[in-house]
file run-v3.cif (mmCIF, C-alpha atoms and all ligand atoms)
data_input
loop_
_atom_site.label_atom_id
_atom_site.label_comp_id
_atom_site.auth_asym_id
_atom_site.auth_seq_id
_atom_site.Cartn_x
_atom_site.Cartn_y
_atom_site.Cartn_z
CA MET J 24 -1.29 -70.41 -52.35
CA SER J 25 -0.49 -69.04 -48.89
CA ASP J 26 2.09 -66.28 -48.34
CA THR J 27 4.49 -68.89 -46.92
CA ASP J 28 4.11 -71.11 -50.00
CA THR J 29 4.69 -68.13 -52.30
CA LEU J 30 7.81 -67.18 -50.37
CA ASP J 31 9.07 -70.79 -50.42
CA THR J 32 8.63 -70.89 -54.19
CA PHE J 33 10.45 -67.57 -54.49
CA ARG J 34 13.27 -68.92 -52.29
CA ALA J 35 13.73 -72.02 -54.44
CA GLU J 36 13.63 -70.05 -57.71
CA THR J 37 16.03 -67.44 -56.37
CA ARG J 38 18.51 -70.04 -55.21
CA ALA J 39 18.40 -71.82 -58.56
CA TRP J 40 18.87 -68.54 -60.44
CA LEU J 41 21.81 -67.47 -58.24
CA GLU J 42 23.47 -70.87 -58.58
CA GLN J 43 23.19 -70.64 -62.34
CA ASN J 44 24.05 -66.96 -62.79
CA CYS J 45 26.57 -65.95 -60.13
CA PRO J 46 30.06 -66.66 -61.52
CA SER J 47 32.21 -68.75 -59.17
CA GLU J 48 34.74 -65.91 -58.97
CA MET J 49 32.00 -63.71 -57.50
CA ARG J 50 31.39 -66.29 -54.74
CA ARG J 51 34.80 -65.92 -53.19
CA PRO J 52 35.28 -63.47 -50.29
CA MET J 53 36.70 -60.12 -51.35
CA SER J 54 40.40 -59.84 -50.62
CA SER J 55 40.29 -56.06 -50.19
CA GLU J 56 38.14 -52.98 -50.76
CA ASP J 57 39.64 -52.84 -54.26
CA ASP J 58 37.37 -55.78 -55.16
CA VAL J 59 34.27 -53.66 -54.63
CA CYS J 60 32.44 -52.73 -57.84
CA TRP J 61 31.38 -49.06 -57.90
CA GLY J 62 30.22 -48.75 -61.51
CA GLY J 63 30.08 -45.30 -63.15
CA ARG J 64 30.87 -43.82 -66.56
CA HIS J 65 34.49 -44.85 -66.22
CA ALA J 66 33.88 -48.11 -64.34
CA LYS J 67 36.92 -50.32 -64.02
CA PHE J 68 36.00 -53.97 -63.54
CA THR J 69 38.55 -56.18 -61.82
CA SER J 70 37.41 -59.11 -64.01
CA GLU J 71 34.97 -60.13 -66.71
CA ALA J 72 33.08 -62.11 -64.04
CA GLN J 73 32.50 -58.90 -62.08
CA ARG J 74 31.12 -57.13 -65.16
CA ILE J 75 28.82 -60.05 -66.04
CA TRP J 76 27.57 -60.36 -62.45
CA LEU J 77 26.61 -56.68 -62.35
CA ARG J 78 24.84 -56.89 -65.71
CA ARG J 79 22.84 -60.00 -64.78
CA MET J 80 21.76 -58.63 -61.42
CA ALA J 81 20.88 -55.23 -62.90
CA GLU J 82 18.76 -56.87 -65.63
CA ARG J 83 16.61 -58.45 -62.91
CA GLY J 84 16.53 -55.21 -60.91
CA TRP J 85 18.29 -57.02 -58.08
CA THR J 86 20.99 -54.41 -57.51
CA VAL J 87 18.07 -52.52 -55.90
CA PRO J 88 15.60 -55.32 -55.11
CA THR J 89 12.88 -53.24 -53.45
CA TRP J 90 12.87 -50.26 -55.81
CA PRO J 91 9.87 -50.11 -58.15
CA ARG J 92 10.39 -51.75 -61.53
CA GLU J 93 9.75 -48.52 -63.46
CA TYR J 94 12.85 -47.04 -61.81
CA GLY J 95 15.13 -50.00 -62.50
CA GLY J 96 14.35 -51.98 -59.35
CA GLY J 97 13.24 -55.54 -58.80
CA GLY J 98 9.86 -54.59 -57.33
CA LEU J 99 10.34 -57.15 -54.53
CA THR J 100 8.51 -57.00 -51.23
CA LEU J 101 10.67 -56.59 -48.10
CA ASP J 102 10.16 -60.28 -47.31
CA GLU J 103 11.32 -61.30 -50.79
CA ALA J 104 14.31 -58.97 -50.57
CA LYS J 105 15.22 -60.59 -47.25
CA VAL J 106 15.07 -64.03 -48.89
CA LEU J 107 17.28 -62.81 -51.72
CA ALA J 108 19.83 -61.44 -49.21
CA GLN J 109 19.75 -64.73 -47.24
CA GLN J 110 20.29 -66.79 -50.38
CA MET J 111 23.12 -64.55 -51.55
CA ARG J 112 24.79 -64.93 -48.15
CA ALA J 113 24.26 -68.71 -48.15
CA LEU J 114 25.95 -69.00 -51.56
CA ASN J 115 28.64 -66.41 -50.70
CA CYS J 116 27.57 -64.19 -53.60
CA ARG J 117 29.24 -60.81 -53.57
CA SER J 118 27.17 -57.68 -53.69
CA PRO J 119 27.19 -56.77 -57.41
CA LEU J 120 27.34 -53.02 -56.90
CA ALA J 121 28.35 -50.55 -54.19
CA SER J 122 26.86 -47.13 -54.69
CA PHE J 123 26.02 -43.93 -52.85
CA GLY J 124 23.20 -43.70 -55.37
CA ILE J 125 21.71 -46.94 -54.03
CA TRP J 126 22.37 -46.37 -50.33
CA MET J 127 21.62 -42.67 -50.11
CA LEU J 128 20.30 -40.72 -53.10
CA GLY J 129 17.81 -43.31 -54.40
CA PRO J 130 15.74 -43.50 -51.19
CA ALA J 131 15.75 -39.67 -50.97
CA LEU J 132 14.60 -39.37 -54.59
CA LEU J 133 11.84 -41.91 -54.01
CA LYS J 134 10.52 -39.75 -51.18
CA PHE J 135 11.26 -36.20 -52.36
CA GLY J 136 12.12 -36.35 -56.08
CA SER J 137 9.87 -35.36 -58.98
CA GLU J 138 8.69 -38.05 -61.39
CA ALA J 139 11.14 -36.71 -64.00
CA GLN J 140 14.05 -36.86 -61.53
CA LYS J 141 13.22 -40.45 -60.55
CA ARG J 142 13.04 -41.52 -64.20
CA GLN J 143 16.23 -39.69 -65.13
CA HIS J 144 18.45 -40.87 -62.29
CA MET J 145 17.22 -44.05 -60.61
CA PRO J 146 17.53 -46.54 -63.50
CA LYS J 147 21.11 -45.35 -64.14
CA ILE J 148 21.91 -45.85 -60.47
CA ALA J 149 20.37 -49.33 -60.57
CA ARG J 150 22.45 -50.31 -63.60
CA GLY J 151 25.64 -48.83 -62.13
CA GLU J 152 26.01 -46.39 -65.02
CA ILE J 153 26.37 -43.22 -62.97
CA ARG J 154 28.45 -42.95 -59.82
CA TRP J 155 27.41 -40.37 -57.23
CA CYS J 156 29.22 -38.48 -54.48
CA GLN J 157 27.89 -36.60 -51.48
CA GLY J 158 28.57 -32.87 -51.10
CA TYR J 159 27.54 -32.17 -47.51
CA SER J 160 30.55 -31.36 -45.27
CA GLU J 161 32.47 -28.10 -45.52
CA PRO J 162 35.59 -26.83 -43.74
CA ASN J 163 33.37 -25.14 -41.11
CA ALA J 164 30.34 -27.43 -41.27
CA GLY J 165 30.72 -31.07 -40.19
CA SER J 166 28.82 -32.11 -37.07
CA ASP J 167 27.16 -28.70 -37.30
CA LEU J 168 26.18 -29.36 -40.90
CA ALA J 169 23.54 -26.63 -41.05
CA ALA J 170 26.36 -24.05 -40.81
CA LEU J 171 27.20 -24.78 -44.44
CA ALA J 172 28.12 -21.74 -46.54
CA THR J 173 28.26 -22.90 -50.19
CA ARG J 174 26.00 -20.39 -51.95
CA ALA J 175 23.53 -20.94 -54.79
CA GLU J 176 22.34 -17.69 -56.33
CA ASP J 177 18.94 -17.72 -58.01
CA ARG J 178 19.26 -16.62 -61.67
CA GLY J 179 15.74 -17.40 -62.88
CA ASP J 180 15.88 -20.78 -64.58
CA HIS J 181 19.19 -21.77 -62.95
CA PHE J 182 21.43 -21.32 -59.89
CA ILE J 183 25.05 -20.21 -59.81
CA VAL J 184 26.92 -22.19 -57.16
CA ASN J 185 30.12 -21.01 -55.41
CA GLY J 186 31.87 -22.57 -52.42
CA GLN J 187 33.82 -25.52 -51.11
CA LYS J 188 33.06 -28.99 -49.80
CA ILE J 189 35.46 -31.27 -47.97
CA TRP J 190 35.87 -35.00 -47.26
CA THR J 191 33.81 -35.70 -50.40
CA SER J 192 34.31 -39.45 -50.79
CA TYR J 193 35.35 -40.47 -54.32
CA ALA J 194 34.58 -36.98 -55.70
CA ASP J 195 37.40 -37.43 -58.22
CA LYS J 196 35.77 -40.61 -59.53
CA ALA J 197 32.11 -39.61 -59.30
CA ASP J 198 29.99 -38.58 -62.29
CA TRP J 199 27.36 -36.58 -60.40
CA ILE J 200 27.04 -34.99 -56.95
CA PHE J 201 24.09 -34.51 -54.60
CA CYS J 202 24.91 -31.30 -52.86
CA LEU J 203 23.66 -29.05 -50.07
CA VAL J 204 23.74 -25.35 -50.89
CA ARG J 205 22.50 -22.19 -49.21
CA THR J 206 19.85 -20.52 -51.36
CA ASP J 207 18.71 -17.99 -48.74
CA SER J 208 21.34 -16.46 -46.47
CA ALA J 209 18.76 -14.25 -44.70
CA ALA J 210 16.66 -17.24 -43.57
CA LYS J 211 17.26 -19.21 -40.35
CA LYS J 212 20.19 -21.66 -40.47
CA HIS J 213 18.17 -24.79 -41.29
CA THR J 214 15.60 -23.21 -43.60
CA GLY J 215 17.81 -21.52 -46.18
CA ILE J 216 19.31 -24.77 -47.45
CA SER J 217 18.49 -26.53 -50.74
CA PHE J 218 19.36 -29.96 -52.14
CA VAL J 219 20.62 -29.93 -55.73
CA LEU J 220 22.07 -32.43 -58.20
CA PHE J 221 24.69 -31.72 -60.84
CA ASP J 222 27.17 -33.33 -63.16
CA MET J 223 30.76 -33.27 -61.86
CA ALA J 224 31.86 -32.50 -65.43
CA THR J 225 30.09 -29.10 -65.28
CA LYS J 226 32.43 -26.14 -65.88
CA GLY J 227 33.74 -24.71 -62.58
CA VAL J 228 33.81 -28.00 -60.59
CA SER J 229 37.23 -29.26 -59.47
CA THR J 230 38.52 -31.78 -56.93
CA LYS J 231 41.72 -32.27 -54.96
CA PRO J 232 42.30 -35.67 -53.29
CA ILE J 233 43.25 -35.76 -49.58
CA ALA J 234 45.61 -38.53 -48.41
CA LEU J 235 44.40 -40.74 -45.56
CA ILE J 236 46.39 -42.58 -42.87
CA SER J 237 45.75 -45.76 -44.94
CA GLY J 238 47.97 -44.29 -47.66
CA LYS J 239 45.02 -44.00 -50.03
CA SER J 240 43.13 -40.90 -51.12
CA PRO J 241 39.50 -41.93 -51.27
CA PHE J 242 38.18 -38.48 -50.60
CA CYS J 243 38.66 -34.93 -51.76
CA GLU J 244 38.29 -31.24 -51.32
CA THR J 245 35.69 -30.17 -53.89
CA PHE J 246 35.54 -26.63 -55.26
CA PHE J 247 32.73 -24.83 -57.08
CA VAL J 248 33.40 -21.62 -59.02
CA ASN J 249 30.37 -20.16 -60.81
CA VAL J 250 28.86 -23.59 -61.45
CA ARG J 251 25.58 -23.44 -63.40
CA VAL J 252 22.87 -25.75 -62.04
CA GLU J 253 19.53 -25.89 -63.85
CA LYS J 254 16.49 -25.43 -61.62
CA HIS J 255 15.02 -28.80 -62.63
CA ASN J 256 17.90 -30.33 -60.63
CA LEU J 257 16.52 -28.98 -57.35
CA VAL J 258 15.13 -31.86 -55.24
CA GLY J 259 12.10 -30.88 -53.13
CA THR J 260 11.56 -27.18 -52.57
CA ALA J 261 13.99 -24.25 -52.49
CA GLY J 262 14.84 -23.83 -48.80
CA GLY J 263 13.47 -27.29 -47.98
CA GLY J 264 16.78 -29.12 -48.47
CA TRP J 265 17.34 -29.84 -44.77
CA ASP J 266 14.45 -32.34 -44.71
CA VAL J 267 15.90 -34.17 -47.73
CA ALA J 268 19.39 -34.06 -46.19
CA LYS J 269 18.25 -35.51 -42.85
CA TYR J 270 16.24 -38.27 -44.48
CA LEU J 271 19.20 -39.22 -46.65
CA LEU J 272 21.49 -39.28 -43.59
CA THR J 273 19.36 -41.92 -41.87
CA HIS J 274 20.04 -44.17 -44.89
CA GLU J 275 23.75 -43.32 -44.84
CA ARG J 276 23.95 -44.27 -41.16
CA GLU J 277 22.17 -47.58 -41.68
CA MET J 278 24.59 -48.26 -44.55
CA ILE J 279 27.68 -47.50 -42.44
CA GLY J 280 26.19 -49.54 -39.59
CA GLY J 281 26.18 -52.59 -41.86
CA ILE J 282 29.69 -52.07 -43.19
CA GLY J 283 31.44 -55.07 -41.59
CA ASP J 284 28.75 -57.33 -42.91
CA ARG J 285 29.35 -56.31 -46.50
CA VAL J 286 33.11 -56.28 -46.86
CA ALA J 287 34.28 -59.40 -45.00
CA ALA J 288 32.07 -62.37 -45.69
CA LYS J 289 34.22 -65.06 -44.05
CA PRO J 290 33.58 -65.51 -40.27
CA LEU J 291 36.44 -64.11 -38.22
CA GLY J 292 36.93 -67.33 -36.21
CA ARG J 293 37.36 -69.28 -39.47
CA GLN J 294 39.91 -66.76 -40.75
CA ALA J 295 41.87 -66.96 -37.47
CA ALA J 296 41.80 -70.77 -37.46
CA ASP J 297 43.09 -70.84 -41.04
CA LYS J 298 45.99 -68.62 -39.98
CA LEU J 299 46.87 -69.98 -36.52
CA GLY J 300 45.68 -73.58 -36.69
CA VAL J 301 43.45 -75.54 -34.29
CA ASP J 302 44.07 -77.56 -31.10
CA ALA J 303 43.28 -81.26 -30.52
CA GLN J 304 39.58 -80.44 -30.04
CA GLY J 305 39.44 -78.46 -33.28
CA ARG J 306 39.34 -75.09 -31.50
CA LEU J 307 41.39 -72.06 -32.40
CA ASP J 308 44.81 -72.71 -30.90
CA ASP J 309 45.05 -69.54 -28.77
CA PRO J 310 42.64 -69.41 -25.80
CA MET J 311 42.89 -65.64 -25.21
CA LEU J 312 42.25 -64.74 -28.82
CA ARG J 313 39.57 -67.44 -29.02
CA ALA J 314 37.67 -65.76 -26.19
CA ARG J 315 37.92 -62.32 -27.80
CA ILE J 316 36.78 -63.64 -31.16
CA ALA J 317 33.92 -65.60 -29.60
CA GLU J 318 32.76 -62.45 -27.80
CA PHE J 319 33.00 -60.53 -31.06
CA GLU J 320 31.06 -63.13 -33.02
CA VAL J 321 28.27 -63.22 -30.43
CA ASP J 322 28.03 -59.41 -30.54
CA GLU J 323 28.08 -59.51 -34.32
CA ALA J 324 25.27 -62.10 -34.43
CA ALA J 325 23.23 -60.03 -31.97
CA PHE J 326 23.80 -56.93 -34.09
CA ARG J 327 22.63 -58.75 -37.22
CA LEU J 328 19.42 -59.71 -35.38
CA LEU J 329 19.03 -56.11 -34.25
CA MET J 330 19.33 -54.97 -37.87
CA GLU J 331 16.66 -57.49 -38.85
CA ARG J 332 14.42 -56.30 -36.04
CA PHE J 333 14.94 -52.72 -37.18
CA GLY J 334 13.94 -53.78 -40.72
CA GLU J 335 10.73 -55.36 -39.39
CA LEU J 336 9.92 -52.28 -37.31
CA ALA J 337 10.60 -50.02 -40.28
CA LYS J 338 8.26 -52.17 -42.38
CA ALA J 339 5.54 -51.75 -39.76
CA ARG J 340 6.35 -48.00 -39.61
CA GLN J 341 7.19 -48.37 -35.91
CA ALA J 342 10.94 -47.71 -36.05
CA HIS J 343 12.22 -44.90 -33.85
CA GLY J 344 13.32 -41.98 -36.02
CA ALA J 345 16.70 -41.75 -34.30
CA PHE J 346 17.50 -45.47 -34.30
CA SER J 347 19.77 -45.18 -37.34
CA SER J 348 22.16 -43.34 -34.97
CA ALA J 349 22.31 -46.41 -32.71
CA LEU J 350 22.92 -48.73 -35.67
CA LYS J 351 25.60 -46.42 -37.05
CA TYR J 352 27.35 -46.12 -33.69
CA TYR J 353 27.40 -49.83 -32.90
CA GLY J 354 28.13 -50.95 -36.47
CA ALA J 355 31.15 -48.62 -36.64
CA GLU J 356 32.48 -49.89 -33.28
CA LEU J 357 31.99 -53.52 -34.37
CA ASN J 358 33.87 -53.01 -37.61
CA LYS J 359 36.76 -51.35 -35.74
CA ARG J 360 36.87 -54.36 -33.36
CA ARG J 361 36.82 -56.74 -36.34
CA GLN J 362 39.82 -55.00 -37.89
CA GLU J 363 41.73 -54.96 -34.57
CA LEU J 364 41.16 -58.72 -34.21
CA THR J 365 42.22 -59.32 -37.81
CA MET J 366 45.48 -57.55 -37.04
CA SER J 367 45.89 -59.61 -33.84
CA PHE J 368 45.85 -62.97 -35.59
CA GLY J 369 47.53 -61.65 -38.75
CA GLY J 370 50.92 -61.33 -37.04
CA SER J 371 53.68 -59.26 -38.60
CA ALA J 372 52.53 -60.25 -42.12
CA ALA J 373 49.37 -58.21 -41.54
CA LEU J 374 51.52 -55.09 -41.22
CA GLU J 375 52.95 -55.47 -44.70
CA TRP J 376 52.29 -52.36 -46.70
CA GLU J 377 53.17 -53.36 -50.26
CA GLY J 378 53.62 -56.39 -52.49
CA ALA J 379 51.42 -58.91 -54.27
CA ALA J 380 51.41 -61.41 -51.35
CA SER J 381 49.69 -58.89 -49.07
CA HIS J 382 47.42 -57.54 -51.86
CA ASP J 383 49.30 -54.26 -51.49
CA GLY J 384 48.88 -54.14 -47.74
CA ALA J 385 45.11 -54.71 -47.84
CA THR J 386 44.86 -55.92 -44.21
CA ALA J 387 46.81 -53.02 -42.72
CA ARG J 388 45.13 -50.45 -44.94
CA THR J 389 41.63 -51.77 -44.16
CA TRP J 390 42.46 -51.67 -40.42
CA LEU J 391 43.63 -48.06 -40.64
CA ARG J 392 40.67 -47.12 -42.84
CA SER J 393 38.27 -48.49 -40.21
CA LYS J 394 39.39 -45.77 -37.78
CA ALA J 395 37.33 -43.33 -39.86
CA ASN J 396 34.11 -45.35 -39.37
CA SER J 397 33.38 -43.47 -36.16
CA ILE J 398 33.76 -40.09 -37.93
CA GLU J 399 32.11 -40.52 -41.36
CA GLY J 400 28.34 -40.13 -41.58
CA GLY J 401 28.30 -38.28 -38.22
CA THR J 402 30.75 -38.87 -35.37
CA SER J 403 30.29 -41.39 -32.55
CA GLU J 404 30.22 -38.62 -29.93
CA VAL J 405 27.35 -36.87 -31.69
CA ARG J 406 25.54 -40.20 -32.26
CA LEU J 407 25.78 -40.90 -28.51
CA ASN J 408 24.31 -37.45 -27.83
CA VAL J 409 21.39 -38.28 -30.15
CA ILE J 410 20.84 -41.68 -28.50
CA ALA J 411 20.91 -40.11 -25.02
CA LYS J 412 18.54 -37.34 -25.95
CA ARG J 413 16.08 -38.84 -28.42
CA ILE J 414 16.02 -42.56 -27.61
CA LEU J 415 16.86 -42.74 -23.89
CA GLU J 416 15.33 -39.31 -23.23
CA LEU J 417 17.94 -38.63 -20.55
CA PRO J 418 17.49 -35.34 -18.76
CA GLY J 419 19.97 -32.48 -19.21
CA VAL J 420 21.46 -33.66 -22.52
C1 LIG J 501 36.13 -41.55 -44.33
C2 LIG J 501 35.23 -40.36 -44.37
C3 LIG J 501 34.42 -40.16 -45.46
C4 LIG J 501 33.60 -39.04 -45.52
N1 LIG J 501 32.83 -38.86 -46.65
C5 LIG J 501 32.08 -37.76 -46.77
C6 LIG J 501 31.34 -37.49 -47.97
O1 LIG J 501 31.36 -38.27 -48.91
N2 LIG J 501 30.64 -36.35 -48.04
C7 LIG J 501 30.57 -35.47 -47.03
O2 LIG J 501 29.88 -34.46 -47.17
N3 LIG J 501 31.25 -35.66 -45.87
C8 LIG J 501 32.01 -36.78 -45.72
N4 LIG J 501 32.74 -36.99 -44.56
C9 LIG J 501 32.73 -35.97 -43.52
C10 LIG J 501 32.01 -36.38 -42.24
O3 LIG J 501 30.61 -36.35 -42.42
C11 LIG J 501 32.48 -35.39 -41.16
O4 LIG J 501 33.86 -35.62 -40.95
C12 LIG J 501 31.73 -35.58 -39.86
O5 LIG J 501 30.40 -35.19 -39.99
C13 LIG J 501 32.38 -34.78 -38.71
O6 LIG J 501 32.56 -33.47 -39.06
P1 LIG J 501 34.00 -32.75 -38.88
O7 LIG J 501 35.03 -33.61 -39.54
O8 LIG J 501 33.87 -31.35 -39.35
O9 LIG J 501 34.30 -32.79 -37.32
P2 LIG J 501 33.74 -31.80 -36.22
O10 LIG J 501 32.27 -31.63 -36.38
O11 LIG J 501 34.57 -30.54 -36.24
O12 LIG J 501 34.04 -32.60 -34.90
C14 LIG J 501 35.32 -32.63 -34.30
C15 LIG J 501 35.22 -33.42 -32.99
O13 LIG J 501 34.31 -32.75 -32.09
C16 LIG J 501 33.28 -33.64 -31.68
N5 LIG J 501 32.02 -32.93 -31.56
C17 LIG J 501 31.49 -32.04 -32.44
N6 LIG J 501 30.30 -31.60 -32.00
C18 LIG J 501 30.06 -32.24 -30.83
C19 LIG J 501 28.99 -32.21 -29.89
N7 LIG J 501 27.91 -31.45 -30.07
N8 LIG J 501 29.08 -33.01 -28.79
C20 LIG J 501 30.18 -33.82 -28.58
N9 LIG J 501 31.23 -33.86 -29.44
C21 LIG J 501 31.17 -33.09 -30.54
C22 LIG J 501 33.19 -34.68 -32.78
O14 LIG J 501 32.66 -35.90 -32.30
C23 LIG J 501 34.66 -34.82 -33.19
O15 LIG J 501 35.31 -35.72 -32.32
C24 LIG J 501 33.58 -38.11 -44.46
C25 LIG J 501 34.40 -38.31 -43.35
C26 LIG J 501 35.24 -39.40 -43.29
C27 LIG J 501 36.12 -39.57 -42.11
#
call {"tool": "encode", "arguments": {"input": "run-v3.cif", "output": "structure tokens"}}
result
Amino acid sequence: MSDTDTLDTFRAETRAWLEQNCPSEMRRPMSSEDDVCWGGRHAKFTSEAQRIWLRRMAERGWTVPTWPREYGGGGLTLDEAKVLAQQMRALNCRSPLASFGIWMLGPALLKFGSEAQKRQHMPKIARGEIRWCQGYSEPNAGSDLAALATRAEDRGDHFIVNGQKIWTSYADKADWIFCLVRTDSAAKKHTGISFVLFDMATKGVSTKPIALISGKSPFCETFFVNVRVEKHNLVGTAGGGWDVAKYLLTHEREMIGGIGDRVAAKPLGRQAADKLGVDAQGRLDDPMLRARIAEFEVDEAAFRLLMERFGELAKARQAHGAFSSALKYYGAELNKRRQELTMSFGGSAALEWEGAASHDGATARTWLRSKANSIEGGTSEVRLNVIAKRILELPGV
């Protein structure tokens, strides 16, 4: 059989399996971010259908389709994974699991982790059993991340960690943290940093949620007082954490770049037409808004193609190392535009803050939350600097 025949067979089998196994409730667009399934030790499922969908997908390794089977993945090729994503989109299947373990830690472990670390952590990530958070930013280390000051003292077979992180998304709900610590304060800024993993239930770890403009508190200040971290939880080498951190950030930026794609499955023009109605020719009955939405949808389609192209280049190992900054920048701007447009056609109802009819103000809260897209994972200003310097190679940047 040719490669095309094999892929066609895979497409047909995948479609049949999804049709049979994805509960109808999991084929409806999410009404808010609260519908996202994050898994974890204390996972709260919004419905039985959500729990079943996660279990079925995890059993096939399709929560992480391209990860190797021995680490809980589906062992799919990139082409097969693309087919799976296309079929899921065609059938409106929701993503079964959202996870910093999938988007960030897993790829870093595959590249830098020991065999024991991969076997300990990756299958639990794939099955949604352990929820991870990211301990990078500190009060004086955000864009200038290498200025981080959280210390890890070497005590032979373990480290003792002291310090503070900030903006740690879902730290109060996470089971484990991947964390940047300074193991050598005499070394140069970037070389004294190490990448460690530890359980958030370890003695000396505490979190304090920070309220956002959206009225929610999805992230926290995170404090470490004499936290014991066993040496086998060091990823890569002591002092070599910056390489792990940078690699992981490229995955975080690609993930944030694709954010609009994941959360709102229904095309914006369709949503607007449902709300405002259509004219005699079946077009959205507001020419100004129609033009803005059309422009948005063209840009969104072009961005999706760009993401695909990036995937192909990455597969051929020809992707520019800094391109994740471009994806992150544009994806964040697109999602902010999407939310602005949603508010435009939502009318005053979209501003509702509470009550069952508005899903507790989901539209307004999602709009306000989107403002942070151009800060999280590295700010837009800094991304533009990176694009100017490393991709466009502009002089004097
Ligand atoms: C919703 C959200 C979730 C987050 N989740 C996490 C998380 O889970 N874990 C984690 O570790 N961190 C997290 N962060 C933190 C995020 O990574 C930082 O906020 C980000 O890196 C910026 O750092 P800062 O806030 O210290 O801002 P600063 O670095 O102090 O920047 C302040 C302003 O100065 C500008 N600026 C800084 N340097 C330059 C420069 N060289 N050139 C031009 N302009 C510059 C910035 O663009 C920005 O506008 C999250 C942030 C948000 C908003």
call {"tool": "closest_residue", "arguments": {"input": "run-v3.cif", "among": "J:Trp76, J:Tyr193, J:Trp40, J:Phe68", "to": "ligand LIG 501 (chain J)", "atoms": "all atoms listed in the file"}}
result
J:Tyr193
call {"tool": "axis_aligned_box", "arguments": {"input": "run-v3.cif", "around": "ligand LIG 501 (chain J)", "padding_each_side": "4 Å", "output": "AutoDock Vina command-line options"}}
result
--center_x 32.0 --center_y -36.0 --center_z -38.7 --size_x 16.2 --size_y 19.0 --size_z 28.3
call {"tool": "closest_residue", "arguments": {"input": "run-v3.cif", "among": "J:Arg340, J:Lys412, J:Arg178, J:Arg327", "to": "ligand LIG 501 (chain J)", "atoms": "all atoms listed in the file"}}
result
J:Lys412
call {"tool": "residues_near_ligand", "arguments": {"input": "run-v3.cif", "ligand": "ligand LIG 501 (chain J)", "cutoff": "8 Å", "atoms": "all atoms listed in the file", "output": "ChimeraX atom specification"}}
result
/J:156-168,188-194,241-242,392,395-405,408
call {"tool": "atom_distance", "arguments": {"input": "run-v3.cif", "atom1": "atom CA of J:Cys243", "atom2": "atom CA of J:Ser208"}}
result
25.9 Å
call {"tool": "closest_residue", "arguments": {"input": "run-v3.cif", "among": "J:Lys134, J:His65, J:Arg388, J:Lys351", "to": "J:Ile153", "atoms": "only C-alpha atoms"}}
result
J:His65
call {"tool": "closest_residue", "arguments": {"input": "run-v3.cif", "among": "J:Tyr352, J:Trp85, J:Trp155, J:Phe326", "to": "J:Gly124", "atoms": "only C-alpha atoms"}}
result
J:Trp155
call {"tool": "residues_near_point", "arguments": {"input": "run-v3.cif", "point": "(16.3, -56.2, -49.6)", "cutoff": "10 Å", "atoms": "all atoms listed in the file", "output": "list in words"}}
result
Trp85, Thr86, Val87, Pro88, Thr89, Trp90, Gly97, Leu99, Thr100, Leu101, Asp102, Glu103, Ala104, Lys105, Val106, Leu107, Ala108, Gln109 and Gly334 of chain J
call {"tool": "atom_distance", "arguments": {"input": "run-v3.cif", "atom1": "atom CA of J:Leu357", "atom2": "atom CA of J:Pro232"}}
result
28.0 Å
call {"tool": "residues_around", "arguments": {"input": "run-v3.cif", "residues": "J:Asn44", "least_positions_apart": "5", "cutoff": "10 Å", "atoms": "all atoms listed in the file", "output": "list of chain:residue names"}}
result
J:Arg38, J:Ala39, J:Ile75, J:Trp76, J:Arg79, J:Met80
call {"tool": "atom_distance", "arguments": {"input": "run-v3.cif", "atom1": "atom CA of J:Glu138", "atom2": "atom CA of J:Met278"}}
result
25.3 Å
call {"tool": "residues_near_point", "arguments": {"input": "run-v3.cif", "point": "(32.7, -24.1, -62.9)", "cutoff": "9 Å", "atoms": "all atoms listed in the file", "output": "short mmCIF file (atom, residue, chain, number, x, y, z; two decimals) with C-alpha atoms, in the frame of the given file"}}
result
data_model
loop_
_atom_site.label_atom_id
_atom_site.label_comp_id
_atom_site.auth_asym_id
_atom_site.auth_seq_id
_atom_site.Cartn_x
_atom_site.Cartn_y
_atom_site.Cartn_z
CA VAL J 184 26.92 -22.19 -57.16
CA ASN J 185 30.12 -21.01 -55.41
CA ALA J 224 31.86 -32.50 -65.43
CA THR J 225 30.09 -29.10 -65.28
CA LYS J 226 32.43 -26.14 -65.88
CA GLY J 227 33.74 -24.71 -62.58
CA VAL J 228 33.81 -28.00 -60.59
CA SER J 229 37.23 -29.26 -59.47
CA PHE J 246 35.54 -26.63 -55.26
CA PHE J 247 32.73 -24.83 -57.08
CA VAL J 248 33.40 -21.62 -59.02
CA ASN J 249 30.37 -20.16 -60.81
CA VAL J 250 28.86 -23.59 -61.45
CA ARG J 251 25.58 -23.44 -63.40
#
call {"tool": "closest_atom_pairs", "arguments": {"input": "run-v3.cif", "of": "stretch 113-210 of chain J", "to": "stretch 254-268 of chain J", "cutoff": "6 Å", "atoms": "all atoms listed in the file", "output": "tab-separated table"}}
result
residue	atom	partner	partner_atom	distance
J:Phe135	CA	J:Gly259	CA	5.4
J:Gly136	CA	J:Val258	CA	5.5
J:Asp180	CA	J:Lys254	CA	5.5
J:His181	CA	J:Lys254	CA	4.7
